[in-house]
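**Student:** Here it is: the structure, laid out below.
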Amino acid sequence: MTVERGRATRIQGDPDHPFTQGFLCTKVNRYLERTYHAERVLTPLKRVGPKGRGEFVEATWDEALDAIAARLNEIRRSPDGPQAILPYSYAGTMGLLQGESMDRRFFHVLGASLLDRTICASAGMIGMRMTVGASIGADAESLPESDLVILWGTNTLTSNPHLWPHVLEAKKRGAPVICIDPIRTRTAEQCDEWIGIRPGTDAALALGMMQVLFAEGMQDDDYLARHTIGAEQLRARVKEYPPSRVAAITGIPEARIVELARQYGRARAAFVRINYGLQRHAGGGMAVRTIACLPAVTGHWRRPGGGVQLSSSGNFAFNKAKLQRPDLSPPGTRMINMSLLGEALTKPDAGIGGPPVRALVVYNSNPGAIAPDHHAVVRGLKRDDLFTVVLEHFRTDTCDYADWVLPATTQLEHRDLHWSYGHLYASLNKPAIAPLGQALPNTEIFRRLAARMGLDHPCLADDDDALIAQALETTAPQMRSVTLERLERDGWVRLDVPRPYAPFANGGFHTPSGKCELYSERLKEMGLDPVPTYTPMVESVELSPDLAKRYPITLISSPAHQFLNSSFVNVGPLQRAAREPEVALHPTDAQRRGIADGARVVVENDRGHFTATARHREGIREGVAWAPGVWWAKLSKDGVNVNTTTSQRLTDMGAGAVFYDNLVEIRVAG
Ligand SMILES: Nc1nc2c(c(=O)[nH]1)N[C@H]1C(S)=C(S)[C@@H](COP(=O)(O)OP(=O)(O)OC[C@H]3O[C@@H](n4cnc5c(=O)[nH]c(N)nc54)[C@H](O)[C@@H]3O)O[C@H]1N2
Ligand SMILES: Nc1nc2c(c(=O)[nH]1)N[C@H]1C(S)=C(S)[C@@H](COP(=O)(O)OP(=O)(O)OC[C@H]3O[C@@H](n4cnc5c(=O)[nH]c(N)nc54)[C@H](O)[C@@H]3O)O[C@H]1N2
Ligand SMILES: [Mo]
């Protein structure tokens, strides 16, 4: 960061950082423009117009804190009690301080409802936990050692670009790179091969691969015997998935399935990078679990560069209990699933139990754009008896429904401590500039609000330095080097894990049995199949044939290259590069519907519709469309976005959102 006379003038990556290697992604390259954007919220704002209109007047912090404290205290002391207050936060910043520290303490002491943070990753997280025991996998830095790379349900060049140099290194050393995705993404274009799988069928493909591996004797019997349980049950199960059947399910030619399995079986250290795209379907947890069994069958875990990676978050052992103080939340406090926000706000009888939600405190999130079933969410946000406070940088879709908007600092203006879910480095974020306007860090906003409400637990007064010190109080061996001193000196520290790192080379899985659980007793207790299986999408010909007749196209709304979920959508150059809400579909699907390239179309189902510009795209499966997200509803011509069509159904594991399990029809706008 270059700062001149208090103003940040240049942003760049740290060339010494071993993983990110000094480059920034498309979006963060624009972080200065975002920070100094003319539309930054720089004072507290009080709503003056009707909800949804976004009409505000500026107010002082004193006015804002007094009004919010009074209202939250009134609700807390009413017969509905504190559980009528709901926090809502997710990925705005994933820093330990500004994302999950003082905010959690505040809501725990208050006795507010808890939020089940399921909107992104919970299906895959549970899928991994049930199989290998934790969010731990192959180390991305060992990628160059691998002799086959499979990018499975991930648009690496868009959503995980720092992995790419490591992929290229493996490729340079001779590893074929294969991308499995219903869309021939910009990532797939750079790979040796694109396998255009039918959405939601990845588990079937993995089962088919395992069928071939066992049938042709390519399994590692020694690894299976020593480090897994359930090999026999798995072996029996995969017999149900011969390549011919898998071809019918996945839409991949039978010969290709057999050859893929053989490639995998011949490899000694195949690196499978799964990401969250393939788990945004009803069977997402089982899909991740099934793929995660592959390296145990072939023993690829033995070698650096071999294995599966979904997330490295389980390697980090910051002291979250100390940071968040879950012990202060009253026993029996209810938990509300963030993927069901629409229902929680509009149908309190539908399952949340207890009092209706009367106050919503949103930070690090823009549910007015990113939550599924947009119309239900907006119906909730519009409720006149709902008190909504939003901590934000900008007047997002969500802010338009807020009673109060509070100005929050950006990454350049506050202190934070960061973990990662793709690599093994912790980092310290030091503020580079003073807060703009009257903006305050989330931590400080919750400290002030607590004081104003008369919440006097001493932990609510800790400053940011104290929070960092507490997060670092851990005896976990892999955290030994992660000291404040090192962080201050270098900015980042690699966790104390061996290099090269092959987490399960000698077993040591984090499951109850200590083995890779090909058979899972815990899944059985959850009422799920204990052995890997294929679970079709709910919105599919298999499970909803009538629906599929009316709405034959599966709509995937994975990230646009220029946006970070709904962040950066209002940054001029990025918005111009993304052009406008678009929907890409196969030319055959387009012609069948008389849709010309560039035509304005309506994308619809029973939940809602939005308009977009159609793009013909050869590189997409027939029957699949791609609407890159997530646009601000209010920046779209029709004031809505793709989430008008997505549903509030949940995944098989982790009760996660199913954004891509979404059938629609597309027609020319009339
Ligand atoms: N530029 C950018 N980067 C981001 C983000 C962003 O919004 N923008 N978001 C960040 C966040 S919060 C997350 S969680 C990660 C997400 O990172 P990823 O999980 O990599 O991202 P997605 O785009 O959700 O999914 C990737 C791919 O999965 C494919 N896909 C969808 N359904 C299926 C399926 O059933 N099977 C298979 N095999 N593939 C399928 C999609 O076509 C898409 O190309 O990225 C992070 N990085
Ligand atoms: N249709 C569809 N919907 C999706 C997805 C999809 O692929 N398709 N992806 C899903 C996924 S993976 C995720 S993770 C969610 C993400 O959804 P969200 O977690 O809501 O993420 P963003 O949309 O980026 O909104 C984050 C907001 O936080 C604000 N913010 C950033 N930093 C700070 C801060 O320090 N303090 C405060 N107070 N605010 C801050 C930003 O200005 C931004 O408006 O969206 C989900 N929604
Ligand atoms: Mo996410």
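The chains in the structure tokens are called A, B, ... from first to last as shown; in each chain the residues are counted from 1, and the ligands are counted from 1 in the order shown.
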Could you pull out the helix (DSSP H, G or I) residues of stretch 117-361 of chain A, going by DSSP on the backbone, and write them as a VMD selection string?
**Tutor:** chain A and resid 122 to 131 140 to 145 156 to 159 161 to 172 186 to 189 202 to 215 221 to 227 231 to 238 243 to 250 254 to 266 276 to 279 284 to 298 300 to 302 313 to 315 320 to 324 326 to 328 338 to 346 348 to 350
**Student:** A:Val642: which residues within 10 Å, counting only C-alpha atoms, same-chain residues fewer than 5 positions away excluded, as a PyMOL selection string?
**Tutor:** chain A and resi 369-370+372-374+555-557+581-583+603-604+608-612+627-633+659
**Student:** So that I have them on file, write out the residues from the current selection with C-alpha atoms, as a compact mmCIF listing (two decimals), in the first residue's frame.
**Tutor:**
# COMPACT_ATOMS: atom_id res chain seq x y z
CA ALA A 369 -29.34 -9.09 -3.10
CA ILE A 370 -27.67 -12.37 -2.15
CA PRO A 372 -32.33 -16.94 -1.98
CA ASP A 373 -35.98 -16.30 -2.81
CA HIS A 374 -35.57 -12.53 -3.12
CA LEU A 555 -29.84 -21.95 -13.97
CA ILE A 556 -26.37 -21.57 -12.46
CA SER A 557 -25.61 -18.14 -11.00
CA PRO A 581 -27.18 -8.83 -16.08
CA GLU A 582 -26.66 -11.53 -18.66
CA VAL A 583 -27.73 -15.10 -19.19
CA VAL A 603 -35.80 -15.75 -16.98
CA GLU A 604 -38.58 -17.16 -14.85
CA GLY A 608 -40.21 -15.00 -9.79
CA HIS A 609 -38.50 -13.61 -12.84
CA PHE A 610 -35.77 -11.20 -13.90
CA THR A 611 -34.67 -9.83 -17.22
CA ALA A 612 -31.24 -10.19 -18.74
CA ALA A 627 -26.42 -15.90 -15.10
CA PRO A 628 -23.22 -14.56 -13.51
CA GLY A 629 -23.99 -12.94 -10.17
CA VAL A 630 -24.70 -11.26 -8.02
CA TRP A 631 -26.04 -7.96 -9.35
CA TRP A 632 -27.52 -5.40 -7.05
CA ALA A 633 -31.22 -5.63 -7.70
CA PHE A 659 -28.64 -21.62 -5.37
**Student:** Which residues of chain A have any atom within 8 Å of an atom in ligand 2 when counting only C-alpha atoms and all ligand atoms, and what is the closest pair of atoms for each, with the distance in Å to one decimal? Order the rows by chain and rising number and write it as CSV.
**Tutor:**
residue,atom,partner,partner_atom_place_in_ligand_line,distance
A:Ser89,CA,ligand 2,19 (O),6.3
A:Tyr90,CA,ligand 2,19 (O),3.9
A:Ala91,CA,ligand 2,19 (O),3.6
A:Gly92,CA,ligand 2,28 (O),3.4
A:Thr93,CA,ligand 2,32 (N),4.5
A:Gln98,CA,ligand 2,35 (O),5.7
A:Gly99,CA,ligand 2,35 (O),7.2
A:Ile119,CA,ligand 2,13 (C),5.8
A:Cys120,CA,ligand 2,12 (S),4.1
A:Ala121,CA,ligand 2,12 (S),6.9
A:Tyr276,CA,ligand 2,12 (S),7.3
A:Gly277,CA,ligand 2,7 (O),7.5
A:Val362,CA,ligand 2,38 (N),7.7
A:Tyr363,CA,ligand 2,38 (N),4.3
A:Asn364,CA,ligand 2,28 (O),3.3
A:Ser365,CA,ligand 2,20 (O),3.1
A:Asn366,CA,ligand 2,20 (O),3.9
A:Pro367,CA,ligand 2,20 (O),5.4
A:Ala369,CA,ligand 2,23 (O),6.9
A:Ile370,CA,ligand 2,47 (N),4.0
A:Ala371,CA,ligand 2,47 (N),5.5
A:Pro372,CA,ligand 2,3 (N),6.4
A:Val390,CA,ligand 2,38 (N),7.3
A:Leu391,CA,ligand 2,38 (N),4.0
A:Glu392,CA,ligand 2,38 (N),4.3
A:His393,CA,ligand 2,42 (O),4.8
A:Phe394,CA,ligand 2,42 (O),5.8
A:Thr396,CA,ligand 2,44 (O),6.1
A:Leu406,CA,ligand 2,38 (N),7.8
A:Pro407,CA,ligand 2,38 (N),7.3
A:Ala408,CA,ligand 2,38 (N),4.9
A:Thr409,CA,ligand 2,35 (O),5.7
A:Thr410,CA,ligand 2,35 (O),5.1
A:Gln411,CA,ligand 2,35 (O),6.4
A:Pro441,CA,ligand 2,35 (O),6.6
A:Asn442,CA,ligand 2,36 (N),5.6
A:Ile556,CA,ligand 2,8 (N),7.4
A:Ser557,CA,ligand 2,8 (N),4.6
A:Ser558,CA,ligand 2,7 (O),4.0
A:Pro559,CA,ligand 2,7 (O),5.5
A:Leu564,CA,ligand 2,24 (O),5.4
A:Asn565,CA,ligand 2,23 (O),4.3
A:Ser566,CA,ligand 2,23 (O),3.4
A:Ser567,CA,ligand 2,24 (O),4.1
A:Phe568,CA,ligand 2,24 (O),7.8
A:Pro628,CA,ligand 2,8 (N),7.8
A:Gly629,CA,ligand 2,8 (N),5.8
A:Val630,CA,ligand 2,2 (C),6.0
A:Val642,CA,ligand 2,1 (N),5.7
A:Asn643,CA,ligand 2,1 (N),5.0
A:Thr646,CA,ligand 2,1 (N),6.6
A:Phe659,CA,ligand 2,1 (N),5.4
A:Tyr660,CA,ligand 2,8 (N),7.2
**Student:** Which distance in Å separates atom CA of A:Ser244 and atom CA of A:Ile257, to one decimal?
**Tutor:**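 Straight-line distance from atom CA of A:Ser244 to atom CA of A:Ile257 works out to 9.0 Å.
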**Student:** Determine the nearest neighbour of A:Phe563 from the options A:Leu495, A:Ala578, A:Leu345, A:Met453, counting only C-alpha atoms.
**Tutor:**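 Using only C-alpha atoms, A:Phe563 sits closest to A:Ala578.
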**Student:** Write out as a PyMOL selection string which residues come within 10 Å of stretch 38-51 of chain A when counting only C-alpha atoms, dropping same-chain ones fewer than 5 positions away.
**Tutor:** chain A and resi 33+56-65+67+378+381-384+389-395+399-409+435-440+570-571
**Student:** Need the shell around A:Arg499: protein/DNA/RNA residues with any atom at most 10 Å away, counting only C-alpha atoms. Skip same-chain ones fewer than 5 positions apart. Format as a ChimeraX atom specification?
**Tutor:** /A:139,141-142,304
**Student:** Quick one: residues within 8 Å of A:Leu460, only C-alpha atoms, excluding same-chain residues fewer than 5 positions away - as a PyMOL selection string?
**Tutor:** chain A and resi 102+105-106+447+450+455
